[in-house]
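A.B. asks: This is the structure I have questions about; it appears just below.
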Amino acid sequence: MRKRLTICLISIMIFTLAAGCGKFTLKHPARLSLAWPQLGRSPHRNAVCSTPPRFPLSLIWEKRASSALGITMLAGMNYVLFGTQDGKMEGLYLKDGDKIGKINIRSKVELTAAIAGEHMIVVKRLGEKNIIGYDLTKGKTAWELSAGHVPGEPLIVEKRVYLATAGGQLLCLDMTDGKKQYEYQLPSACSTTPAFLDDRLIIGDDRGTIHALTAHLEPVWQYPTNAAIRSPAVLAHGTVFQGSTDGTFYALTMADGALRWKTDIGAKIYHPAAISDSLVIFGATNHMVYAVSRERGSIQWRYDCGSVIATAPLLCGDHVFIGAMNKKLYAIDAAQGDVTWEYTAKGRIRSYPIAVDPYLIFSSEDDYVYCFRLH
Amino acid sequence: MMKKTILTLTILLGLTSVLHSQYYFGRNKVIYNQFDWRILQTDHFDIYYYPQMRELAEIGAAYAEESYLFLENKFNHSIHDRIPLIFYATHAHFQETNTISFLIPEGIGGFFEFLKGRVVVPANGSIADFKNVLRHELVHVFTHSKVNRILKNHRMTNHPGLPLWFVEGLAEFWSRGWDSEAEMFIRDAVINGYLFPVERIYEISGSFLMYKEGQAVLRYIAATYGDEKILQLIENVWMSAQFEQVMQITLGVPLREFDQSWIYTLKKQYYPLLAREDAAARVSDQITRRGINIKPAFYQADSECVVFISNRSGYANIYKTSARKAQKEPEMEILVKGERSAEFESFHLLNSAIDVNRQGELVFVSKNGEKDVLYIMDVKEKRILEKYEFADLVSLFSPNWHPDGSKIAFSGLAFSGRSDLYVFDRLSKRLQPLLNDAFDDRDPVFSPDGSCLAFSSDRGPSGEHGFYNLFLYHLEDHKIRHITNGMVQDLMPAWSPDGSHIAFVSDRSGTQNIWTLPAPSIQQGEMPDWSESSALQPPDGLKQITSFVCGAYDPEWMPNGDLLFTVFENFSFNIYREPAALTQIAAATAHPPDTLACYTPQWNFRKLLGSGDSRDFKYKPRFSLDIAQSQITQDPIFGTSGGAQLVVSDMLGNYQYFFLLYNNARTRDEFFSSFNFAVTRMDLSRRTNIAMGLYHFAGQYYSRYDHWFWERRYGGYGALSYPLSKFKRIEASLNVRFSDKEWYASGYRRKALLVSNFVSYVKDNSLWGPTGPIDGTRLNITLGNTLDIAHSNVNFVTAILDYRRYFRLSNQSAHGIRVWTQVNHGKESMPFFMGGSWDLRGYGFWRLWGTKLALVSNELRFPFIDRFILNFPFGGLAFSAIRGALFVDVGNAWDEELKTLLGSTGFGVRLRLAQMLVLRFDVGRKFEVEDIHKFYQPRQYDFESAWFTQFFFGWDF
Ligand SMILES: [Zn+2]
């Protein structure tokens, strides 16, 4: 018995060595400068892609990561990259799901990242030197910085990286060398991710206050909600769209923080919205996906997924993709609120679905990454 | 679960070799009922219930689904698998559950068992309590699932998870929120200075105080940092194996600082209370001073006396003492000894009052086997006069005398789980049910003229939210009238002797205190029905007559207008007397009367059937795996062997299979002949527990007696265990096996077909201290024989007597005596072994053997150091007690004739390390009495000059 087990172990080791010994570099640096969909695809965090899907979608591949993924996956021209909760940075080729190579960031704690050009900013949730600037073309670390526990995602705007720590510190770093450019101390702890548009950085804190600051981290206005903010704001049409765990969805004027409307749904909102020309779409813990009018906040339709909504919505043409804890990814007709297509994954859907024409990518809790053809 | 596995293995190996002394005692779980289990399937739950409790199952189903949605939102999490919910209609039924092996004390309200993900919850009259416990356990289900998921996602296998205080505190906080019970315990802990900071909460791990402190910590986090921080603490659990670190990262403050501000906030909140409220000991006359003393009943003998229930000795007893103010603990007389015989198994310590009438007759209830029995006792003679049990009533609570002693009112819990009022007529022996509905009616008391009952019930409009108010029931026209109303807990009414006032317990002022109302004077026919709106206005003149910081209960009037009651203070319950309470009422400030502004005539329990697609069908046992483990067993007869062990059982735990598989082959050609397996099936579904098994063991073994030998044995056995009561049982077993044995030294080989029979009588009513029994008796008498029916190679009889008696010397100290003898007599008698910390101390482990042995042990057990705390860098380790012992052991093992006696005497220390682990250390000197006839002459004792020391893990005998 024992003997056979050893042979088995050796063969696994050989296999992994063979598969993972290449260096993690991305070729075609010119293409790297194309937009990488950081959380919500853009600094303003609105997850929208113009490609209309054709149903039913066909599964191209599914692959297993080393452990569960966080909420963020990054997809460039040919690749999808993600950090795992056991501290690995992994990359797969979009066309077939093959591994790209090995990335030498040694970590045991959860990772997340954002990419701009050849720079990848990796955030280790905990520990010393937890902010890492990684050069994707050279395949090595450019700089490191210690910044305390960062619960959210990094935000890249032009050559700057914005981060919020659990202690409520906002940091602005130079993307190329990691030098601190600006910092600002929020009055409360913070568990979420900043959003940025038109010289306005918006972030909510654990007391429920929404803060607006300039690109230089000078405060502009605040707006109080009644419980912690756990999701990034979405900025569009001069408006801040923000759900709160107080059970209310808020729309504020970006310029001065004045309330445009609010809609009370009586259940906690943990994920950002997706904004179309006429609708704001978001999910909540009460199993519901809501579509409310962008102008007035009145509910246009709602769809009961039968389980807690676990992701932000992704608007793809006339459809919205959203994942729930019943392991299902739904495609809902954005105009009507009817489900056109659904897919049952191996675990609760955890990462926010992203689309890079012609691919739709998401992951489930049992470590699987799925790639579908959108049309 | 683990314990049962060991137990069965022991039965298995034990019957074929020697009986292990540590397992053959123990109390019994008696299965009185065979429930006709059904399953009700709702959206997220499989609800196990029996037809008699259908109503409760539906109420529970509705609340479980409501709680599921509530907790999904709280946890931002879902549960994939259907959750098994096993309901029992009463706590007595719950005590019969086989879903866990150990005996369930009355203090356990329900549990979540994570091997099968089962939630097991009984109702016990109160729907509000049932709902609270149900939600508490469902919080555990969500916590367990979420934490497991997080740790799995982070690939953390050896993470300890959340600490117990957090897990239980959260379950309390998200089920009850903050109630007057929690308020009372935390106030008391703050004001009397025994609140444990989070940094030291491990010292009270598992205690009731830990639950309430956990609840208070989470309430503070929610109030100070926001509700969402509780969830973040759970979500961040992976960040460190030390929860202190997780708290620091999540809350942003070091634990010590957190503790300081938490305790500061509590002090700021509670210290000002002392300005307007009192500590009872400062204003009233204290009667008792130690342990839990509750439910006073006035008794007029030659002097004024009080009869009450107390667990001051460890067992709950009914006591009598003087009702006069005492500077120190007064003389106590035990009227009824509880918790050590089937007759008085339980008085429902905190839940049931007692009463004494003018004739000096005490009425009380006790669990007696399957049901509760109503006992009437002559207090003076200490003699039980009458006892009654009632067909459909499982439990009885708080009996109360009619003023002329002809009738008794009480609250009865039916098989269905409904709790209603009953009046029992002593003369006609007729039981009159007064109400029959799902509402909980309790604490009935007769008015002094006997025409009415005052009682507490959740039937009022606020009952839907779990609140109890007071009502009157007119015994002639059967009408009910409100006397209090509102979102408060009004309990335990007591009619003043002149009939003018009703004293009762209410939490209107934050914690429970004693209040009074003028009793409404109602003639027959005058009392309108409670559904008529004119009857709704509760009487004017509401007054608070005790204002204690922590709480007062159990009001009992004395004929002279003095009031007896129980006070909770400084973590103990004591009985107090307030002189001239009746005359003080006039001077007390009146509070505005309760109003019934918006009244709904009768509220309804929300019952299930939300989605309409629920299904209902009969339960059929389906087996699933509980434990699969590889393990190494070491057995003195069978040697050391490694193997696999599997346990499978059905959802209700009634049928269990144990598999043991291993191979102790040393060479390849021995593989098949050394294949060892054993399978046992246990049927626990009936009162008679049945075990049946088959086994095959073969291999080389060593024993001190036989030296090296090879043996192959296979066969089957059956065993029965019939509990006479919780404390006594009869066991019988039959074991048939083929044995082929070869002694290496002599080359002798024999084959035998052995048949063994054993029958035992076992009694155990011992009371356990921290390291072993300190009161009660344990007895095992076993007789049996082993016969070779094929070749007559073996034929011997076995007799075992093991008697242990513990004499209580004081609350903490006891004298234990053990008399033990084992005899095998006949052809090829098996030897018994002795020596070591288990029996004859000072001698090597199993160094003495013979077909006969005898031992007498004496041990004096006393507290040595009561509390001992080691501070480790990773957190403290608290030993709740270090105890000392003085011992003398005398005995020997022999084959033919007992000539010499061996003995030892010395001193020992016992240290309770963990829930199930006691470290014992003995120092002493051995001695020998060469001629047994000189045993009575200590001068003949030949003491060894050297001292021996022995370490051992295990309980005291
Ligand atoms: Zn619990």
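As shown in the structure tokens, the chain order sets the letters A, B, ...; within each chain, residues go from 1, and ligands are also counted from 1 in the order they appear.
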Neighbours of Ala212 (chain A) within 10 Å (only C-alpha atoms; same-chain residues fewer than 2 positions away dropped), as a list of chain:residue names?

C.D. replies: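 In the requested format, the answer is A:Pro194, A:Ala195, A:Phe196, A:Asp199, A:Arg200, A:Leu201, A:Ile202, A:Ile203, A:Gly204, A:Thr209, A:Ile210, A:Thr214, A:Ala215, A:Leu217, A:Glu218, A:Pro219, A:Val220, A:Trp221, A:Gln222, A:Tyr223, A:Val240, A:Met254, A:Ala255, A:Asp256, A:Gly257.
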
A.B. asks: Find the residues of chain B in contact range of chain A, meaning any atom within 10 Å when counting only C-alpha atoms, and list them as a short mmCIF file (atom, residue, chain, number, x, y, z; two decimals) with all heavy atoms, in the first residue's frame.

C.D. replies:
```
data_model
loop_
_atom_site.label_atom_id
_atom_site.label_comp_id
_atom_site.auth_asym_id
_atom_site.auth_seq_id
_atom_site.Cartn_x
_atom_site.Cartn_y
_atom_site.Cartn_z
N LEU B 69 -33.80 32.38 5.82
CA LEU B 69 -33.69 33.61 5.02
C LEU B 69 -33.00 34.70 5.82
O LEU B 69 -32.16 35.44 5.30
CB LEU B 69 -35.07 34.07 4.56
CG LEU B 69 -35.76 33.11 3.58
CD1 LEU B 69 -37.13 33.64 3.19
CD2 LEU B 69 -34.91 32.90 2.33
N PHE B 70 -33.35 34.80 7.09
CA PHE B 70 -32.73 35.79 7.97
C PHE B 70 -31.21 35.58 8.03
O PHE B 70 -30.42 36.51 7.91
CB PHE B 70 -33.35 35.65 9.37
CG PHE B 70 -32.69 36.46 10.45
CD1 PHE B 70 -33.01 37.80 10.61
CD2 PHE B 70 -31.76 35.89 11.30
CE1 PHE B 70 -32.41 38.56 11.61
CE2 PHE B 70 -31.14 36.64 12.30
CZ PHE B 70 -31.47 37.98 12.45
N LEU B 71 -30.80 34.33 8.16
CA LEU B 71 -29.38 34.04 8.33
C LEU B 71 -28.61 34.12 7.00
O LEU B 71 -27.44 34.50 6.98
CB LEU B 71 -29.18 32.67 8.98
CG LEU B 71 -29.71 32.60 10.42
CD1 LEU B 71 -29.64 31.18 10.95
CD2 LEU B 71 -28.95 33.54 11.34
N GLU B 72 -29.27 33.81 5.92
CA GLU B 72 -28.64 34.00 4.61
C GLU B 72 -28.23 35.46 4.44
O GLU B 72 -27.13 35.77 3.98
CB GLU B 72 -29.65 33.65 3.51
CG GLU B 72 -29.28 32.46 2.70
CD GLU B 72 -30.22 32.24 1.52
OE1 GLU B 72 -31.16 33.03 1.31
OE2 GLU B 72 -30.02 31.28 0.82
N ASN B 73 -29.11 36.35 4.83
CA ASN B 73 -28.83 37.78 4.74
C ASN B 73 -27.74 38.19 5.73
O ASN B 73 -26.84 38.95 5.40
CB ASN B 73 -30.13 38.55 4.99
CG ASN B 73 -29.95 40.06 4.81
OD1 ASN B 73 -29.34 40.51 3.86
ND2 ASN B 73 -30.47 40.82 5.77
N LYS B 74 -27.80 37.63 6.95
CA LYS B 74 -26.80 37.97 7.97
C LYS B 74 -25.41 37.48 7.58
O LYS B 74 -24.41 38.16 7.78
CB LYS B 74 -27.18 37.33 9.31
CG LYS B 74 -28.24 38.09 10.07
CD LYS B 74 -27.63 39.27 10.80
CE LYS B 74 -28.61 39.94 11.72
NZ LYS B 74 -28.16 41.30 12.08
N PHE B 75 -25.34 36.26 7.06
CA PHE B 75 -24.05 35.63 6.78
C PHE B 75 -23.56 35.87 5.36
O PHE B 75 -22.42 35.54 5.04
CB PHE B 75 -24.13 34.12 7.00
CG PHE B 75 -24.02 33.69 8.44
CD1 PHE B 75 -25.14 33.51 9.22
CD2 PHE B 75 -22.78 33.46 9.01
CE1 PHE B 75 -25.03 33.11 10.55
CE2 PHE B 75 -22.66 33.06 10.32
CZ PHE B 75 -23.79 32.88 11.09
N ASN B 76 -24.42 36.37 4.50
CA ASN B 76 -24.11 36.45 3.07
C ASN B 76 -23.59 35.09 2.60
O ASN B 76 -22.52 34.95 2.03
CB ASN B 76 -23.06 37.55 2.81
CG ASN B 76 -22.85 37.79 1.32
OD1 ASN B 76 -23.74 37.53 0.52
ND2 ASN B 76 -21.67 38.27 0.96
N HIS B 77 -24.40 34.08 2.88
CA HIS B 77 -23.96 32.71 2.64
C HIS B 77 -25.20 31.84 2.44
O HIS B 77 -26.28 32.18 2.91
CB HIS B 77 -23.17 32.23 3.88
CG HIS B 77 -22.50 30.92 3.69
ND1 HIS B 77 -21.41 30.76 2.89
CD2 HIS B 77 -22.77 29.70 4.19
CE1 HIS B 77 -21.02 29.50 2.92
NE2 HIS B 77 -21.85 28.82 3.70
N SER B 78 -25.00 30.75 1.74
CA SER B 78 -26.11 29.80 1.57
C SER B 78 -25.64 28.41 1.96
O SER B 78 -24.44 28.17 2.05
CB SER B 78 -26.55 29.78 0.10
OG SER B 78 -25.52 29.21 -0.69
N ILE B 79 -26.60 27.53 2.21
CA ILE B 79 -26.25 26.14 2.53
C ILE B 79 -26.75 25.28 1.37
O ILE B 79 -27.93 25.34 1.03
CB ILE B 79 -26.94 25.69 3.85
CG1 ILE B 79 -26.71 26.71 4.98
CG2 ILE B 79 -26.52 24.28 4.23
CD1 ILE B 79 -25.40 26.64 5.66
N HIS B 80 -25.86 24.50 0.80
CA HIS B 80 -26.27 23.70 -0.36
C HIS B 80 -27.13 22.50 0.03
O HIS B 80 -28.11 22.19 -0.62
CB HIS B 80 -25.04 23.16 -1.10
CG HIS B 80 -24.28 24.21 -1.80
ND1 HIS B 80 -24.89 25.27 -2.41
CD2 HIS B 80 -22.95 24.37 -2.01
CE1 HIS B 80 -23.97 26.04 -2.96
NE2 HIS B 80 -22.79 25.52 -2.73
N ARG B 149 -15.93 26.66 4.54
CA ARG B 149 -15.74 27.07 3.16
C ARG B 149 -14.54 28.01 3.04
O ARG B 149 -13.69 27.86 2.17
CB ARG B 149 -17.02 27.76 2.69
CG ARG B 149 -17.07 28.05 1.24
CD ARG B 149 -17.22 26.77 0.46
NE ARG B 149 -16.02 26.52 -0.32
CZ ARG B 149 -15.85 25.46 -1.09
NH1 ARG B 149 -16.78 24.53 -1.16
NH2 ARG B 149 -14.74 25.31 -1.78
N ILE B 150 -14.47 28.96 3.95
CA ILE B 150 -13.38 29.94 3.89
C ILE B 150 -12.03 29.25 4.06
O ILE B 150 -11.09 29.49 3.31
CB ILE B 150 -13.58 31.03 4.97
CG1 ILE B 150 -14.78 31.91 4.61
CG2 ILE B 150 -12.32 31.87 5.15
CD1 ILE B 150 -15.27 32.79 5.72
N LEU B 151 -11.96 28.36 5.03
CA LEU B 151 -10.68 27.69 5.28
C LEU B 151 -10.31 26.76 4.13
O LEU B 151 -9.15 26.63 3.76
CB LEU B 151 -10.73 26.93 6.61
CG LEU B 151 -10.90 27.83 7.84
CD1 LEU B 151 -11.00 27.00 9.11
CD2 LEU B 151 -9.74 28.83 7.96
N LYS B 152 -11.31 26.14 3.54
CA LYS B 152 -11.06 25.27 2.41
C LYS B 152 -10.55 26.11 1.23
O LYS B 152 -9.59 25.74 0.56
CB LYS B 152 -12.36 24.54 2.03
CG LYS B 152 -12.12 23.34 1.17
CD LYS B 152 -13.41 22.56 0.98
CE LYS B 152 -13.22 21.54 -0.13
NZ LYS B 152 -14.47 20.94 -0.56
N ASN B 153 -11.20 27.24 0.98
CA ASN B 153 -10.77 28.11 -0.11
C ASN B 153 -9.34 28.58 0.07
O ASN B 153 -8.62 28.78 -0.90
CB ASN B 153 -11.67 29.34 -0.20
CG ASN B 153 -13.02 29.00 -0.81
OD1 ASN B 153 -13.22 27.90 -1.29
ND2 ASN B 153 -13.93 29.96 -0.78
N HIS B 154 -8.94 28.77 1.32
CA HIS B 154 -7.58 29.23 1.57
C HIS B 154 -6.62 28.07 1.80
O HIS B 154 -5.49 28.29 2.22
CB HIS B 154 -7.55 30.18 2.78
CG HIS B 154 -8.12 31.54 2.48
ND1 HIS B 154 -9.45 31.80 2.56
CD2 HIS B 154 -7.54 32.67 2.07
CE1 HIS B 154 -9.67 33.06 2.22
NE2 HIS B 154 -8.54 33.61 1.91
N ARG B 155 -7.10 26.87 1.57
CA ARG B 155 -6.27 25.68 1.72
C ARG B 155 -5.67 25.59 3.12
O ARG B 155 -4.47 25.41 3.29
CB ARG B 155 -5.12 25.68 0.69
CG ARG B 155 -5.57 25.47 -0.73
CD ARG B 155 -5.97 24.00 -0.97
NE ARG B 155 -6.45 23.81 -2.32
CZ ARG B 155 -7.70 24.03 -2.73
NH1 ARG B 155 -8.61 24.47 -1.87
NH2 ARG B 155 -8.05 23.82 -3.98
N MET B 156 -6.51 25.80 4.09
CA MET B 156 -6.01 25.71 5.47
C MET B 156 -6.66 24.50 6.11
O MET B 156 -7.87 24.45 6.27
CB MET B 156 -6.36 26.98 6.22
CG MET B 156 -5.61 28.14 5.66
SD MET B 156 -5.71 29.56 6.70
CE MET B 156 -4.48 30.57 5.92
N THR B 224 -20.56 49.20 18.47
CA THR B 224 -19.42 50.10 18.37
C THR B 224 -18.83 50.15 16.96
O THR B 224 -18.47 51.20 16.48
CB THR B 224 -18.31 49.65 19.35
OG1 THR B 224 -18.94 49.42 20.61
CG2 THR B 224 -17.25 50.71 19.51
N TYR B 225 -18.74 49.00 16.33
CA TYR B 225 -18.06 48.94 15.02
C TYR B 225 -19.04 48.67 13.88
O TYR B 225 -18.63 48.69 12.73
CB TYR B 225 -17.00 47.84 15.02
CG TYR B 225 -15.93 48.00 16.07
CD1 TYR B 225 -16.07 47.45 17.33
CD2 TYR B 225 -14.76 48.71 15.77
CE1 TYR B 225 -15.08 47.60 18.29
CE2 TYR B 225 -13.77 48.86 16.72
CZ TYR B 225 -13.93 48.30 17.98
OH TYR B 225 -12.94 48.44 18.91
N GLY B 226 -20.29 48.37 14.20
CA GLY B 226 -21.25 48.03 13.16
C GLY B 226 -21.46 46.53 13.06
O GLY B 226 -20.53 45.75 13.28
N ASP B 227 -22.67 46.15 12.72
CA ASP B 227 -23.08 44.76 12.63
C ASP B 227 -22.19 43.99 11.64
O ASP B 227 -21.88 42.82 11.83
CB ASP B 227 -24.53 44.71 12.13
CG ASP B 227 -25.31 43.59 12.77
OD1 ASP B 227 -24.80 43.01 13.75
OD2 ASP B 227 -26.41 43.29 12.30
N GLU B 228 -21.79 44.69 10.59
CA GLU B 228 -21.04 44.06 9.52
C GLU B 228 -19.68 43.53 10.00
O GLU B 228 -19.12 42.61 9.43
CB GLU B 228 -20.86 45.09 8.41
CG GLU B 228 -20.66 44.53 7.04
CD GLU B 228 -21.77 43.60 6.55
OE1 GLU B 228 -22.92 43.71 7.03
OE2 GLU B 228 -21.45 42.74 5.73
N LYS B 229 -19.16 44.12 11.09
CA LYS B 229 -17.84 43.69 11.60
C LYS B 229 -17.90 42.25 12.11
O LYS B 229 -16.89 41.55 12.08
CB LYS B 229 -17.38 44.61 12.73
CG LYS B 229 -16.81 45.92 12.24
CD LYS B 229 -15.45 45.75 11.56
CE LYS B 229 -15.09 47.03 10.86
NZ LYS B 229 -13.97 46.92 9.96
N GLN B 232 -17.35 40.25 9.18
CA GLN B 232 -15.95 40.37 8.73
C GLN B 232 -15.01 39.56 9.62
O GLN B 232 -14.03 39.00 9.14
CB GLN B 232 -15.54 41.83 8.69
CG GLN B 232 -16.10 42.53 7.46
CD GLN B 232 -15.73 44.00 7.44
OE1 GLN B 232 -16.20 44.77 8.28
NE2 GLN B 232 -14.89 44.39 6.51
N ASN B 236 -12.62 36.89 8.01
CA ASN B 236 -11.17 37.04 8.15
C ASN B 236 -10.53 35.92 8.99
O ASN B 236 -9.36 36.00 9.33
CB ASN B 236 -10.83 38.38 8.80
CG ASN B 236 -11.13 39.54 7.86
OD1 ASN B 236 -11.33 39.35 6.68
ND2 ASN B 236 -11.16 40.75 8.40
N TRP B 238 -9.37 33.16 8.42
CA TRP B 238 -8.18 32.51 7.85
C TRP B 238 -6.89 33.29 8.11
O TRP B 238 -5.80 32.76 7.97
CB TRP B 238 -8.36 32.35 6.34
CG TRP B 238 -8.51 33.66 5.60
CD1 TRP B 238 -9.67 34.33 5.37
CD2 TRP B 238 -7.47 34.46 5.03
NE1 TRP B 238 -9.43 35.49 4.70
CE2 TRP B 238 -8.09 35.61 4.46
CE3 TRP B 238 -6.09 34.33 4.93
CZ2 TRP B 238 -7.36 36.60 3.82
CZ3 TRP B 238 -5.37 35.33 4.28
CH2 TRP B 238 -6.00 36.46 3.73
N MET B 239 -7.04 34.58 8.48
CA MET B 239 -5.84 35.42 8.55
C MET B 239 -4.87 35.03 9.65
O MET B 239 -3.70 35.38 9.60
CB MET B 239 -6.24 36.88 8.72
CG MET B 239 -6.87 37.42 7.46
SD MET B 239 -7.26 39.15 7.62
CE MET B 239 -7.92 39.48 5.99
N SER B 240 -5.38 34.38 10.67
CA SER B 240 -4.48 33.92 11.71
C SER B 240 -5.12 32.77 12.46
O SER B 240 -6.34 32.70 12.59
CB SER B 240 -4.17 35.05 12.69
OG SER B 240 -3.43 34.55 13.77
N ILE B 249 -6.79 42.70 13.39
CA ILE B 249 -6.81 43.11 11.98
C ILE B 249 -8.18 43.69 11.63
O ILE B 249 -8.30 44.71 10.96
CB ILE B 249 -6.47 41.92 11.06
CG1 ILE B 249 -5.03 41.47 11.27
CG2 ILE B 249 -6.72 42.27 9.59
CD1 ILE B 249 -4.69 40.12 10.68
N THR B 250 -9.23 43.02 12.10
CA THR B 250 -10.58 43.39 11.67
C THR B 250 -11.09 44.63 12.40
O THR B 250 -11.75 45.49 11.82
CB THR B 250 -11.54 42.21 11.91
OG1 THR B 250 -10.93 41.03 11.40
CG2 THR B 250 -12.88 42.44 11.23
N LEU B 251 -10.82 44.70 13.69
CA LEU B 251 -11.35 45.82 14.46
C LEU B 251 -10.34 46.96 14.59
O LEU B 251 -10.71 48.06 15.00
CB LEU B 251 -11.78 45.36 15.86
CG LEU B 251 -12.79 44.20 15.89
CD1 LEU B 251 -13.10 43.80 17.32
CD2 LEU B 251 -14.08 44.60 15.17
N GLY B 252 -9.10 46.65 14.29
CA GLY B 252 -8.08 47.70 14.30
C GLY B 252 -7.56 48.05 15.68
O GLY B 252 -6.88 49.05 15.84
N VAL B 253 -7.91 47.25 16.69
CA VAL B 253 -7.36 47.52 18.03
C VAL B 253 -6.82 46.23 18.62
O VAL B 253 -7.36 45.16 18.37
CB VAL B 253 -8.42 48.08 19.02
CG1 VAL B 253 -8.76 49.51 18.70
CG2 VAL B 253 -9.67 47.22 19.06
#
```

A.B. asks: Find the spatial neighbours of Asn98 (chain B), counting only C-alpha atoms, within a cut-off of 7 Å - ignore same-chain residues fewer than 2 positions away - and output them as a list in words.

C.D. replies: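 Result of the neighbour search: Glu96, Ile100, Ser101, Leu652, Gly653 and Asn654 of chain B.
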
A.B. asks: Show me a table, sorted first by chain and then by increasing residue number, of the residues of chain B having an atom at most 10 Å from ligand 1, each with its shortest atom pair and the distance in Å to one decimal, counting only C-alpha atoms and all ligand atoms and written as JSON lines.

C.D. replies:
```
{"residue": "B:Ile108", "atom": "CA", "partner": "ligand 1", "partner_atom_place_in_ligand_line": "1 (Zn)", "distance": 9.3}
{"residue": "B:Gly109", "atom": "CA", "partner": "ligand 1", "partner_atom_place_in_ligand_line": "1 (Zn)", "distance": 9.0}
{"residue": "B:Gly110", "atom": "CA", "partner": "ligand 1", "partner_atom_place_in_ligand_line": "1 (Zn)", "distance": 7.9}
{"residue": "B:Phe111", "atom": "CA", "partner": "ligand 1", "partner_atom_place_in_ligand_line": "1 (Zn)", "distance": 6.5}
{"residue": "B:Phe112", "atom": "CA", "partner": "ligand 1", "partner_atom_place_in_ligand_line": "1 (Zn)", "distance": 7.4}
{"residue": "B:Val133", "atom": "CA", "partner": "ligand 1", "partner_atom_place_in_ligand_line": "1 (Zn)", "distance": 8.4}
{"residue": "B:Arg135", "atom": "CA", "partner": "ligand 1", "partner_atom_place_in_ligand_line": "1 (Zn)", "distance": 9.8}
{"residue": "B:His136", "atom": "CA", "partner": "ligand 1", "partner_atom_place_in_ligand_line": "1 (Zn)", "distance": 6.2}
{"residue": "B:Glu137", "atom": "CA", "partner": "ligand 1", "partner_atom_place_in_ligand_line": "1 (Zn)", "distance": 6.0}
{"residue": "B:Leu138", "atom": "CA", "partner": "ligand 1", "partner_atom_place_in_ligand_line": "1 (Zn)", "distance": 9.2}
{"residue": "B:Val139", "atom": "CA", "partner": "ligand 1", "partner_atom_place_in_ligand_line": "1 (Zn)", "distance": 8.3}
{"residue": "B:His140", "atom": "CA", "partner": "ligand 1", "partner_atom_place_in_ligand_line": "1 (Zn)", "distance": 6.6}
{"residue": "B:Val141", "atom": "CA", "partner": "ligand 1", "partner_atom_place_in_ligand_line": "1 (Zn)", "distance": 9.9}
{"residue": "B:Leu164", "atom": "CA", "partner": "ligand 1", "partner_atom_place_in_ligand_line": "1 (Zn)", "distance": 8.9}
{"residue": "B:Trp165", "atom": "CA", "partner": "ligand 1", "partner_atom_place_in_ligand_line": "1 (Zn)", "distance": 9.6}
{"residue": "B:Val167", "atom": "CA", "partner": "ligand 1", "partner_atom_place_in_ligand_line": "1 (Zn)", "distance": 7.2}
{"residue": "B:Glu168", "atom": "CA", "partner": "ligand 1", "partner_atom_place_in_ligand_line": "1 (Zn)", "distance": 4.8}
{"residue": "B:Gly169", "atom": "CA", "partner": "ligand 1", "partner_atom_place_in_ligand_line": "1 (Zn)", "distance": 8.1}
{"residue": "B:Leu170", "atom": "CA", "partner": "ligand 1", "partner_atom_place_in_ligand_line": "1 (Zn)", "distance": 8.7}
{"residue": "B:Ala171", "atom": "CA", "partner": "ligand 1", "partner_atom_place_in_ligand_line": "1 (Zn)", "distance": 6.1}
{"residue": "B:Glu172", "atom": "CA", "partner": "ligand 1", "partner_atom_place_in_ligand_line": "1 (Zn)", "distance": 7.5}
{"residue": "B:Gly206", "atom": "CA", "partner": "ligand 1", "partner_atom_place_in_ligand_line": "1 (Zn)", "distance": 9.7}
{"residue": "B:Tyr211", "atom": "CA", "partner": "ligand 1", "partner_atom_place_in_ligand_line": "1 (Zn)", "distance": 8.3}
```

A.B. asks: Could you check which of A:Pro187, A:Gly306, A:Gly317, A:Pro358 is closest to Ser50 (chain A), using only C-alpha atoms?

C.D. replies: A:Gly317

A.B. asks: Considering only strand (DSSP E) as DSSP defines it on the backbone, what residues of region 51-180 of chain B qualify? List them as a list in words.

C.D. replies: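 Secondary structure check on region 51-180 of chain B, strand (DSSP E): Ile83, Pro84, Leu85, Ile86, Phe87, Tyr88, Phe111, Phe112, Glu113, Arg118, Val119, Val120, Val121 and Pro122 of chain B.
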